[in-house]
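Colleague: Just upload_32.cif, nothing more (mmCIF, C-alpha atoms and all ligand atoms):
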data_input
#
loop_
_atom_site.label_atom_id
_atom_site.label_comp_id
_atom_site.auth_asym_id
_atom_site.auth_seq_id
_atom_site.Cartn_x
_atom_site.Cartn_y
_atom_site.Cartn_z
CA MET P 1 84.28 79.77 111.63
CA LYS P 2 85.88 81.15 114.82
CA ASP P 3 89.33 82.52 115.45
CA SER P 4 91.34 81.81 118.58
CA TYR P 5 89.71 84.79 120.37
CA GLY P 6 86.21 83.40 119.77
CA ARG P 7 85.31 85.93 117.07
CA SER P 8 83.06 84.59 114.29
CA ILE P 9 84.50 85.27 110.85
CA ASP P 10 81.54 85.63 108.51
CA TYR P 11 82.62 88.41 106.15
CA LEU P 12 85.19 88.29 103.35
CA ARG P 13 86.46 91.29 101.41
CA ILE P 14 87.66 90.23 97.97
CA SER P 15 90.03 92.48 96.04
CA LEU P 16 89.41 91.80 92.34
CA THR P 17 92.33 93.86 91.10
CA ASP P 18 95.14 96.10 92.30
CA LYS P 19 94.49 98.49 89.40
CA CYS P 20 92.61 101.74 89.77
CA ASN P 21 91.38 104.55 87.56
CA LEU P 22 92.00 107.14 90.33
CA ARG P 23 95.06 108.15 92.35
CA CYS P 24 93.61 109.16 95.72
CA GLY P 25 96.58 110.69 97.54
CA TYR P 26 95.97 108.80 100.81
CA CYS P 27 95.67 105.39 99.14
CA MET P 28 97.79 105.17 96.00
CA PRO P 29 101.39 106.37 95.56
CA GLU P 30 101.71 109.28 93.12
CA ASN P 31 103.55 107.14 90.58
CA GLY P 32 101.22 104.20 91.02
CA ILE P 33 102.25 100.72 92.18
CA ASN P 34 103.96 97.81 90.47
CA GLU P 35 100.79 96.25 89.16
CA LEU P 36 100.44 92.48 89.31
CA PRO P 37 100.95 90.66 86.02
CA HIS P 38 97.74 89.13 84.64
CA ASP P 39 98.65 85.53 85.50
CA GLU P 40 99.42 86.43 89.13
CA ILE P 41 95.82 87.55 89.68
CA LEU P 42 93.26 84.97 90.78
CA THR P 43 90.82 83.96 88.07
CA SER P 44 87.09 84.27 88.63
CA ARG P 45 86.89 80.49 88.97
CA GLU P 46 89.56 80.52 91.72
CA ILE P 47 87.85 83.38 93.56
CA VAL P 48 84.45 81.71 93.41
CA ARG P 49 85.97 78.44 94.64
CA ILE P 50 87.50 80.16 97.68
CA ALA P 51 84.27 82.07 98.36
CA SER P 52 82.27 78.86 98.15
CA ILE P 53 84.58 76.97 100.51
CA MET P 54 84.58 79.87 102.98
CA HIS P 55 80.79 80.11 102.69
CA ASP P 56 80.56 76.47 103.76
CA MET P 57 82.72 77.48 106.72
CA GLY P 58 80.41 80.34 107.75
CA VAL P 59 81.10 83.35 105.52
CA MET P 60 77.71 84.95 104.79
CA LYS P 61 78.75 88.12 103.02
CA VAL P 62 81.42 89.06 100.49
CA ARG P 63 82.38 92.56 99.42
CA LEU P 64 84.08 93.08 96.06
CA THR P 65 86.73 95.76 96.20
CA GLY P 66 90.00 96.67 94.49
CA GLY P 67 91.94 98.78 93.58
CA GLU P 68 88.82 99.67 91.74
CA PRO P 69 86.65 96.58 91.20
CA LEU P 70 84.92 98.05 88.14
CA VAL P 71 88.15 98.31 86.14
CA ARG P 72 88.36 94.51 86.06
CA ARG P 73 86.67 93.09 83.01
CA GLY P 74 83.60 90.92 83.54
CA VAL P 75 82.70 91.97 87.10
CA ALA P 76 78.99 91.34 86.53
CA GLY P 77 79.95 87.80 85.51
CA PHE P 78 81.74 87.34 88.87
CA VAL P 79 78.69 88.58 90.68
CA ARG P 80 76.51 86.17 88.73
CA GLU P 81 78.76 83.22 89.61
CA LEU P 82 78.95 84.26 93.26
CA SER P 83 75.18 84.64 93.38
CA GLU P 84 74.87 80.92 92.67
CA ILE P 85 76.23 80.29 96.17
CA PRO P 86 72.99 80.08 98.18
CA LYS P 87 72.33 82.76 100.79
CA LEU P 88 75.59 84.62 100.15
CA GLU P 89 75.16 88.38 100.26
CA ILE P 90 77.20 90.21 97.62
CA ALA P 91 78.25 93.82 98.14
CA MET P 92 80.75 96.13 96.47
CA THR P 93 82.89 99.12 97.38
CA THR P 94 83.66 101.37 94.43
CA ASN P 95 84.84 104.86 93.59
CA GLY P 96 81.70 105.13 91.44
CA MET P 97 83.49 106.33 88.30
CA ARG P 98 82.12 103.52 86.13
CA LEU P 99 79.07 102.61 88.16
CA GLY P 100 76.64 104.30 85.78
CA GLU P 101 77.85 101.99 82.99
CA PHE P 102 77.47 98.75 84.92
CA VAL P 103 74.85 99.20 87.60
CA ALA P 104 71.90 97.62 85.76
CA GLU P 105 73.98 94.54 84.87
CA LEU P 106 75.35 94.27 88.41
CA LYS P 107 71.92 94.50 89.98
CA GLU P 108 70.52 91.93 87.60
CA ALA P 109 73.50 89.64 88.38
CA GLY P 110 72.71 89.68 92.11
CA LEU P 111 74.59 92.59 93.69
CA SER P 112 72.60 93.78 96.68
CA SER P 113 74.44 96.82 97.94
CA VAL P 114 77.15 99.27 97.07
CA ASN P 115 79.35 101.58 99.13
CA ILE P 116 80.53 104.52 97.08
CA SER P 117 83.51 106.63 98.07
CA LEU P 118 82.78 110.35 98.02
CA ASP P 119 85.31 112.63 99.70
CA THR P 120 84.30 115.91 98.11
CA LEU P 121 81.60 117.70 96.15
CA ASN P 122 84.04 120.20 94.73
CA GLU P 123 85.39 119.45 91.25
CA ASP P 124 88.78 121.09 91.90
CA THR P 125 89.26 119.26 95.20
CA PHE P 126 88.27 116.01 93.51
CA LYS P 127 90.92 116.59 90.87
CA ARG P 128 93.54 117.58 93.44
CA LEU P 129 92.83 114.51 95.59
CA THR P 130 92.35 111.87 92.90
CA GLY P 131 94.28 113.24 89.92
CA ALA P 132 91.21 112.95 87.68
CA ASP P 133 88.40 115.10 86.44
CA GLY P 134 85.78 112.66 87.59
CA LEU P 135 83.32 114.12 90.10
CA LYS P 136 80.47 114.28 87.58
CA SER P 137 80.89 110.59 86.69
CA VAL P 138 80.87 109.64 90.39
CA LEU P 139 77.69 111.65 91.08
CA LYS P 140 76.07 110.06 88.04
CA GLY P 141 77.14 106.65 89.34
CA ILE P 142 75.58 107.39 92.74
CA ASP P 143 72.30 108.50 91.12
CA SER P 144 72.12 105.43 88.94
CA ALA P 145 72.76 103.09 91.88
CA VAL P 146 69.97 104.75 93.88
CA GLU P 147 67.64 104.62 90.87
CA ALA P 148 68.46 100.95 90.27
CA GLY P 149 67.26 100.19 93.80
CA LEU P 150 70.57 99.01 95.23
CA ARG P 151 71.22 99.69 98.92
CA VAL P 152 73.66 102.59 98.74
CA LYS P 153 75.99 104.08 101.35
CA LEU P 154 78.51 106.85 100.91
CA ASN P 155 82.01 106.63 102.42
CA CYS P 156 84.06 109.72 103.12
CA VAL P 157 87.55 110.07 104.61
CA PRO P 158 87.76 113.54 106.22
CA ILE P 159 91.22 115.05 105.85
CA GLU P 160 92.55 118.30 107.26
CA GLY P 161 93.16 120.94 104.61
CA ILE P 162 91.49 118.84 101.89
CA ASN P 163 87.79 118.33 102.57
CA ASP P 164 87.32 119.36 106.20
CA ASP P 165 85.33 122.41 105.08
CA GLU P 166 82.83 120.19 103.26
CA ILE P 167 81.54 117.94 106.03
CA THR P 168 78.07 119.49 106.23
CA ALA P 169 77.90 119.86 102.43
CA LEU P 170 78.46 116.10 102.22
CA THR P 171 75.92 115.23 104.92
CA GLY P 172 73.48 117.66 103.21
CA TYR P 173 73.97 115.88 99.90
CA ALA P 174 73.48 112.45 101.52
CA LYS P 175 70.23 113.67 103.11
CA GLU P 176 69.04 115.09 99.80
CA ILE P 177 69.47 111.77 97.98
CA GLY P 178 68.26 109.77 100.98
CA VAL P 179 71.29 107.56 101.69
CA PRO P 180 73.47 107.10 104.79
CA ILE P 181 76.95 108.60 104.84
CA ARG P 182 79.83 107.22 106.88
CA PHE P 183 82.98 109.06 107.87
CA ILE P 184 86.09 106.89 108.05
CA GLU P 185 89.12 107.91 110.09
CA LEU P 186 92.21 108.14 107.93
CA MET P 187 94.57 105.24 108.63
CA PRO P 188 98.34 105.66 108.45
CA ILE P 189 98.71 102.96 105.83
CA GLY P 190 101.21 103.66 103.03
CA CYS P 191 100.46 107.10 101.61
CA GLY P 192 97.89 107.71 104.36
CA ILE P 193 100.77 109.00 106.52
CA ARG P 194 101.12 112.07 104.31
CA TYR P 195 97.78 113.47 105.51
CA LYS P 196 96.09 114.30 108.80
CA GLY P 197 92.71 112.71 109.37
CA ILE P 198 90.00 114.07 111.65
CA PRO P 199 89.16 112.05 114.78
CA THR P 200 85.53 110.96 115.06
CA ASP P 201 84.85 112.84 118.32
CA LYS P 202 85.98 116.10 116.75
CA LEU P 203 83.78 115.46 113.72
CA ILE P 204 80.72 114.68 115.86
CA ALA P 205 81.31 117.89 117.84
CA ARG P 206 81.38 119.84 114.58
CA LEU P 207 78.22 118.19 113.26
CA LYS P 208 76.45 119.00 116.54
CA GLU P 209 77.11 122.68 115.89
CA THR P 210 75.01 122.39 112.73
CA TYR P 211 72.46 119.70 113.57
CA GLY P 212 72.15 119.89 117.37
CA GLU P 213 72.18 117.07 119.90
CA ALA P 214 73.42 113.64 118.80
CA LYS P 215 72.71 110.14 120.08
CA PRO P 216 74.31 106.85 118.97
CA SER P 217 71.76 104.58 117.38
CA GLU P 218 70.60 101.59 119.41
CA SER P 219 71.17 99.20 116.53
CA LYS P 220 73.94 96.75 117.19
CA VAL P 221 73.19 94.50 114.22
CA ARG P 222 76.72 93.76 113.01
CA THR P 223 75.95 92.48 109.52
CA GLU P 224 74.00 95.64 108.86
CA SER P 225 76.34 98.22 110.33
CA GLY P 226 79.77 96.54 110.33
CA PRO P 227 82.27 98.58 112.30
CA ALA P 228 80.28 101.80 111.79
CA VAL P 229 78.52 103.42 114.72
CA TYR P 230 75.53 105.43 113.50
CA TYR P 231 74.33 108.61 115.15
CA GLY P 232 71.03 110.40 114.95
CA PHE P 233 71.26 114.22 115.12
CA LYS P 234 68.27 116.23 116.27
CA GLY P 235 68.18 118.44 113.17
CA TYR P 236 69.17 115.84 110.58
CA ARG P 237 66.85 113.37 108.89
CA GLY P 238 69.04 110.40 107.98
CA ARG P 239 71.85 108.32 109.37
CA ILE P 240 75.43 109.43 109.79
CA GLY P 241 77.95 106.69 110.51
CA PHE P 242 81.43 106.84 111.95
CA ILE P 243 84.14 104.25 111.42
CA SER P 244 86.87 104.94 113.91
CA PRO P 245 89.77 102.50 113.61
CA MET P 246 92.16 105.03 115.17
CA THR P 247 90.22 106.36 118.15
CA HIS P 248 87.63 103.65 118.96
CA SER P 249 89.12 100.32 117.92
CA PHE P 250 86.54 97.70 116.94
CA CYS P 251 89.00 94.78 116.85
CA ASP P 252 87.14 92.94 119.66
CA SER P 253 84.24 92.32 117.32
CA CYS P 254 86.15 92.05 114.04
CA ASN P 255 84.38 89.55 111.80
CA ARG P 256 86.40 89.85 108.60
CA ALA P 257 89.13 88.41 106.46
CA ARG P 258 90.51 89.80 103.20
CA LEU P 259 91.52 88.10 99.98
CA THR P 260 93.97 90.13 97.90
CA ALA P 261 93.97 90.04 94.10
CA GLU P 262 97.04 87.74 94.11
CA GLY P 263 95.30 85.29 96.41
CA PHE P 264 96.71 86.16 99.84
CA LEU P 265 94.26 85.62 102.69
CA LYS P 266 95.00 88.64 104.88
CA LEU P 267 93.84 88.33 108.46
CA CYS P 268 94.05 91.95 109.62
CA LEU P 269 94.24 95.26 107.77
CA TYR P 270 97.33 96.18 109.77
CA HIS P 271 99.34 93.01 110.27
CA PRO P 272 101.16 91.30 107.39
CA TYR P 273 100.07 87.81 108.58
CA GLY P 274 98.06 85.57 106.34
CA LEU P 275 98.21 82.70 103.91
CA ASP P 276 99.04 82.37 100.24
CA LEU P 277 96.08 80.49 98.75
CA LYS P 278 97.14 80.76 95.11
CA THR P 279 100.00 78.23 95.37
CA PRO P 280 97.87 75.42 96.82
CA LEU P 281 94.99 76.35 94.49
CA ARG P 282 97.24 75.97 91.47
CA SER P 283 98.84 72.76 92.74
CA GLY P 284 95.64 70.72 92.66
CA VAL P 285 94.63 70.95 96.32
CA THR P 286 91.24 69.46 97.27
CA ASP P 287 88.40 71.57 98.72
CA GLU P 288 88.79 69.75 102.05
CA GLU P 289 92.50 70.52 102.24
CA LEU P 290 91.95 74.16 101.24
CA GLY P 291 89.27 74.47 103.93
CA ARG P 292 91.66 73.04 106.51
CA LEU P 293 94.39 75.53 105.51
CA ILE P 294 91.94 78.44 105.69
CA ALA P 295 90.65 77.35 109.11
CA GLU P 296 94.22 77.11 110.40
CA ALA P 297 95.01 80.61 109.08
CA ILE P 298 91.84 82.07 110.61
CA GLY P 299 92.88 80.49 113.91
CA ASN P 300 95.95 82.75 113.76
CA LYS P 301 94.02 85.99 113.20
CA PRO P 302 95.74 88.68 115.32
CA LYS P 303 93.90 90.06 118.35
CA ALA P 304 94.12 93.74 117.32
CA HIS P 305 95.81 96.25 115.10
CA SER P 306 98.50 98.58 116.45
CA PHE P 307 98.05 101.62 114.22
CA GLY P 308 100.17 104.48 115.48
CA LEU P 309 102.05 102.31 117.98
CA THR P 310 104.43 100.23 115.90
CA ASP P 311 105.49 99.99 112.29
CA MET P 312 102.92 98.09 110.22
CA GLY P 313 105.26 95.51 108.85
CA ASP P 314 103.07 95.10 105.77
CA SER P 315 104.41 96.90 102.72
CA ARG P 316 101.08 96.59 100.87
CA LYS P 317 99.44 99.89 100.09
CA MET P 318 95.70 100.36 100.72
CA VAL P 319 95.05 100.11 96.98
CA GLN P 320 96.55 96.59 97.11
CA ILE P 321 94.36 95.56 100.06
CA GLY P 322 91.04 97.11 99.19
CA GLY P 323 90.12 98.86 102.45
N1 LIG V 1 88.38 101.90 94.75
C1 LIG V 1 87.31 101.61 95.64
C2 LIG V 1 86.90 102.84 96.42
O1 LIG V 1 87.63 103.83 96.40
O2 LIG V 1 85.85 102.78 97.05
C3 LIG V 1 87.57 100.44 96.56
C4 LIG V 1 88.94 100.34 97.19
S1 LIG V 1 89.34 101.63 98.35
C5 LIG V 1 90.94 101.11 98.90
C6 LIG V 1 88.23 101.24 99.70
C7 LIG V 1 88.08 102.32 100.74
O3 LIG V 1 89.29 102.52 101.43
C8 LIG V 1 87.68 103.69 100.17
O4 LIG V 1 86.49 104.11 100.81
C9 LIG V 1 88.83 104.60 100.56
O5 LIG V 1 88.40 105.90 100.85
C10 LIG V 1 89.38 103.88 101.79
N2 LIG V 1 90.77 104.21 102.07
C11 LIG V 1 91.84 104.16 101.26
N3 LIG V 1 92.97 104.52 101.90
C12 LIG V 1 92.61 104.81 103.17
C13 LIG V 1 93.30 105.24 104.34
N4 LIG V 1 94.62 105.44 104.34
N5 LIG V 1 92.60 105.41 105.48
C14 LIG V 1 91.25 105.21 105.50
N6 LIG V 1 90.53 104.79 104.45
C15 LIG V 1 91.20 104.60 103.29
FE1 LIG V 2 91.03 105.97 95.39
FE2 LIG V 2 89.79 103.58 95.76
FE3 LIG V 2 91.58 103.93 93.83
FE4 LIG V 2 92.37 103.92 96.34
S1 LIG V 2 91.50 102.21 95.27
S2 LIG V 2 93.07 105.28 94.70
S3 LIG V 2 90.62 104.92 97.34
S4 LIG V 2 89.62 104.99 94.04
#
Can you dump the structure from the file as structure tokens?
Ligand code: SAM
Ligand code: SF4
Modeller:
Amino acid sequence: MKDSYGRSIDYLRISLTDKCNLRCGYCMPENGINELPHDEILTSREIVRIASIMHDMGVMKVRLTGGEPLVRRGVAGFVRELSEIPKLEIAMTTNGMRLGEFVAELKEAGLSSVNISLDTLNEDTFKRLTGADGLKSVLKGIDSAVEAGLRVKLNCVPIEGINDDEITALTGYAKEIGVPIRFIELMPIGCGIRYKGIPTDKLIARLKETYGEAKPSESKVRTESGPAVYYGFKGYRGRIGFISPMTHSFCDSCNRARLTAEGFLKLCLYHPYGLDLKTPLRSGVTDEELGRLIAEAIGNKPKAHSFGLTDMGDSRKMVQIGG
């Protein structure tokens, strides 16, 4: 499935819920959001139907996200149903709080990889940033995912005055447990504007001070690395990735679409454009017709985001999009 700029769209991020058990200051408003009523959220059958139609159109990988995907009941059941779609890779992005509880079931159901958000290794900072006393649960979740044999990556959003003194502690921890860590530039979406992120180049310069010379990895395999650029550092055994939406836009090779929990096919993280799929789904549309609507929407995928240049125009908060 190609958009009008010739980009292949083969990756769908599916938000299972807009609810979350954390309140990360850069993602979720302090007083929470107006959560969707139960009947406004797509059912597992509706989600699997969309995934299956989009798979026929070329989507090869889905990532379950949220809010927090693991606060939705029956997530392993979703994974099991999705895993019946042949050759569809199923991944998840989670805050890790409940991963320890579910990881064995998820793995058995067909989940192949998990990205776990880890912004700090300090219990007080965790509490200040997320509003919860949860670091131990997250670390336990990470351990259990590694033990279960899932492919694990850590995601960290470096923020001035919050966790910028912990960058090498975090890379050290990632090395110790043998998983890659990726640093994501803070995006000025919703509550993100209250904080100051750290640009990738500045972060690389800082890491060089500890680990010595750095070289970008040769690997350009998109499905494996997504928008992350990995670097090897002379004194660091392991991979450190950088996702730089603000300073090194990767829109030219964007391969993704997003499905929100209420069934909106969102074509770009920044722009509000997209298509409501729930109304046609619930009005008895055929698979062929749904496929045609999706293809038309993908054809209108915007060329690039304009973070920092113009107002976003989309009132959705990150917690309602899923990253
Ligand atoms: N709850 C899950 C989690 O935290 O991993 C999945 C949803 S969360 C919205 C997905 C990712 O988006 C997380 O890695 C989070 O750090 C990132 N994120 C949230 N708000 C962001 C922002 N303003 N800029 C950059 N990344 C952000
Ligand atoms: Fe934090 Fe993820 Fe919840 Fe946002 S959705 S508040 S990043 S745990």
Colleague: Which of these residues is nearest to Tyr230 of chain P, using all atoms listed in the file: P:Ser253, P:Ser113, P:Thr17, P:Thr200?
Modeller: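 Answer, going by the shortest atom-to-atom distance: P:Thr200.
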Colleague: Would you compute the distance between atom CA of Leu88 of chain P and atom S3 of ligand LIG 2 (chain V)? Give it in Å to one decimal.
Modeller: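 About the pair atom CA of Leu88 of chain P and atom S3 of ligand LIG 2 (chain V): they are 25.4 Å apart.
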Colleague: Between P:Met57, P:Gly322, P:Asn31, P:Asn163, which is the closest to Leu293 of chain P once you count only C-alpha atoms?
Modeller: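 Counting only C-alpha atoms, the residue closest to Leu293 of chain P is P:Met57.
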Colleague: Residues within 7 Å of ligand LIG 1 (chain V) should be enumerated using all atoms listed in the file and returned as a PyMOL selection string.
Modeller: chain P and resi 20+26-27+65-69+93-95+115-117+155-157+184-192+318-319+321-323
Colleague: For a quick check of understanding, using all atoms listed in the file, which of P:Thr120, P:Phe183, P:Phe78, P:Ala104 has the smallest distance to Leu42 of chain P?
Modeller: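 When distances to Leu42 of chain P are compared using all atoms listed in the file, the smallest one comes from P:Phe78.
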Colleague: Any idea what the distance is between atom CA of Met92 of chain P and atom CA of Arg237 of chain P?
Modeller: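 Between atom CA of Met92 of chain P and atom CA of Arg237 of chain P the gap works out to 25.4 Å.
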Colleague: Could you tell me how far atom CA of Ala145 of chain P sits from atom CA of Asp119 of chain P, in Å to one decimal place?
Modeller: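 Atom-to-atom, atom CA of Asp119 of chain P to atom CA of Ala145 of chain P, that is 17.6 Å.
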Colleague: Contacts of Ala257 of chain P at 10 Å or less, counting all atoms listed in the file, minus same-chain residues fewer than 5 places along, as number ranges by chain?
Modeller: P: 9-14, 59, 62, 265-269, 274, 298, 301
Colleague: Would you mind telling me which residue in P:Phe250, P:Phe233, P:Phe126, P:Phe102 lies nearest to ligand LIG 2 (chain V) when using all atoms listed in the file?
Modeller: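 Residue with the minimum atom-to-atom distance to ligand LIG 2 (chain V): P:Phe126.
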Colleague: Select, from P:Arg72, P:Arg63, P:Leu207, P:Glu296, the residue with the minimum atom-to-atom distance to Ala169 of chain P, counting only C-alpha atoms.
Modeller: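 Selected residue with least distance to Ala169 of chain P: P:Leu207.
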Colleague: When you count only C-alpha atoms, which of these residues is closest to Lys202 of chain P: P:Leu139, P:Leu150, P:Ile167, P:Cys24?
Modeller: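 The shortest atom-to-atom distance to Lys202 of chain P comes from P:Ile167.
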Colleague: With only C-alpha atoms as the counted atoms, please give the residues lying no more than 10 Å from Pro280 of chain P, apart from itself and same-chain residues fewer than 3 positions off, as a PyMOL selection string.
Modeller: chain P and resi 276-277+283-286+289-290+293
Colleague: Which neighbours of Ala261 of chain P fall inside 6 Å, counting all atoms listed in the file, when residues of the same chain fewer than 3 positions from it are skipped, and could you give them as a list in words?
Modeller: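 Residues meeting the cut-off are Ser15, Leu16, Thr17 and Ile41 of chain P.
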Colleague: Missing atoms in segment 26-35 of chain P need filling: write out all heavy atoms for it as a compact mmCIF listing (two decimals), in the coordinates of the input.
Modeller:
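So selection-v4.txt came out as:
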# COMPACT_ATOMS: atom_id res chain seq x y z
N TYR P 26 95.77 109.51 99.53
CA TYR P 26 95.97 108.80 100.81
C TYR P 26 95.99 107.28 100.62
O TYR P 26 96.11 106.53 101.58
CB TYR P 26 94.88 109.19 101.82
CG TYR P 26 93.45 109.00 101.32
CD1 TYR P 26 92.88 107.75 101.28
CD2 TYR P 26 92.69 110.08 100.90
CE1 TYR P 26 91.60 107.56 100.83
CE2 TYR P 26 91.40 109.92 100.44
CZ TYR P 26 90.86 108.65 100.41
OH TYR P 26 89.58 108.46 99.95
N CYS P 27 95.83 106.84 99.38
CA CYS P 27 95.67 105.39 99.14
C CYS P 27 96.71 104.86 98.16
O CYS P 27 97.28 103.80 98.36
CB CYS P 27 94.27 105.16 98.58
SG CYS P 27 93.93 103.47 98.07
N MET P 28 96.95 105.63 97.12
CA MET P 28 97.79 105.17 96.00
C MET P 28 99.00 106.08 95.86
O MET P 28 98.84 107.31 95.82
CB MET P 28 96.92 105.24 94.74
CG MET P 28 97.64 105.09 93.45
SD MET P 28 97.82 103.39 93.00
CE MET P 28 96.43 103.16 91.91
N PRO P 29 100.22 105.51 95.76
CA PRO P 29 101.39 106.37 95.56
C PRO P 29 101.25 107.17 94.27
O PRO P 29 100.62 106.70 93.32
CB PRO P 29 102.55 105.37 95.44
CG PRO P 29 102.03 104.08 95.97
CD PRO P 29 100.55 104.09 95.84
N GLU P 30 101.84 108.37 94.26
CA GLU P 30 101.71 109.28 93.12
C GLU P 30 102.07 108.60 91.80
O GLU P 30 101.43 108.82 90.77
CB GLU P 30 102.63 110.48 93.33
CG GLU P 30 101.97 111.81 93.07
CD GLU P 30 102.85 112.91 93.61
OE1 GLU P 30 103.20 112.87 94.81
OE2 GLU P 30 103.18 113.79 92.82
N ASN P 31 103.12 107.79 91.82
CA ASN P 31 103.55 107.14 90.58
C ASN P 31 102.93 105.75 90.41
O ASN P 31 103.43 104.94 89.63
CB ASN P 31 105.08 107.02 90.54
CG ASN P 31 105.70 108.39 90.59
OD1 ASN P 31 105.17 109.33 90.00
ND2 ASN P 31 106.80 108.51 91.33
N GLY P 32 101.89 105.50 91.13
CA GLY P 32 101.22 104.20 91.02
C GLY P 32 101.99 103.11 91.75
O GLY P 32 102.92 103.39 92.51
N ILE P 33 101.60 101.87 91.54
CA ILE P 33 102.25 100.72 92.18
C ILE P 33 102.78 99.81 91.08
O ILE P 33 102.42 99.99 89.91
CB ILE P 33 101.24 99.93 93.05
CG1 ILE P 33 99.97 99.64 92.22
CG2 ILE P 33 100.90 100.65 94.32
CD1 ILE P 33 99.17 98.49 92.72
N ASN P 34 103.58 98.84 91.44
CA ASN P 34 103.96 97.81 90.47
C ASN P 34 102.78 96.86 90.34
O ASN P 34 102.58 96.01 91.19
CB ASN P 34 105.18 97.01 90.97
CG ASN P 34 106.43 97.81 90.81
OD1 ASN P 34 106.54 98.65 89.90
ND2 ASN P 34 107.38 97.61 91.71
N GLU P 35 102.01 97.05 89.27
CA GLU P 35 100.79 96.25 89.16
C GLU P 35 101.11 94.77 88.93
O GLU P 35 102.10 94.43 88.28
CB GLU P 35 99.93 96.79 88.02
CG GLU P 35 99.34 98.15 88.37
CD GLU P 35 98.59 98.80 87.23
OE1 GLU P 35 98.55 98.23 86.12
OE2 GLU P 35 98.03 99.88 87.44
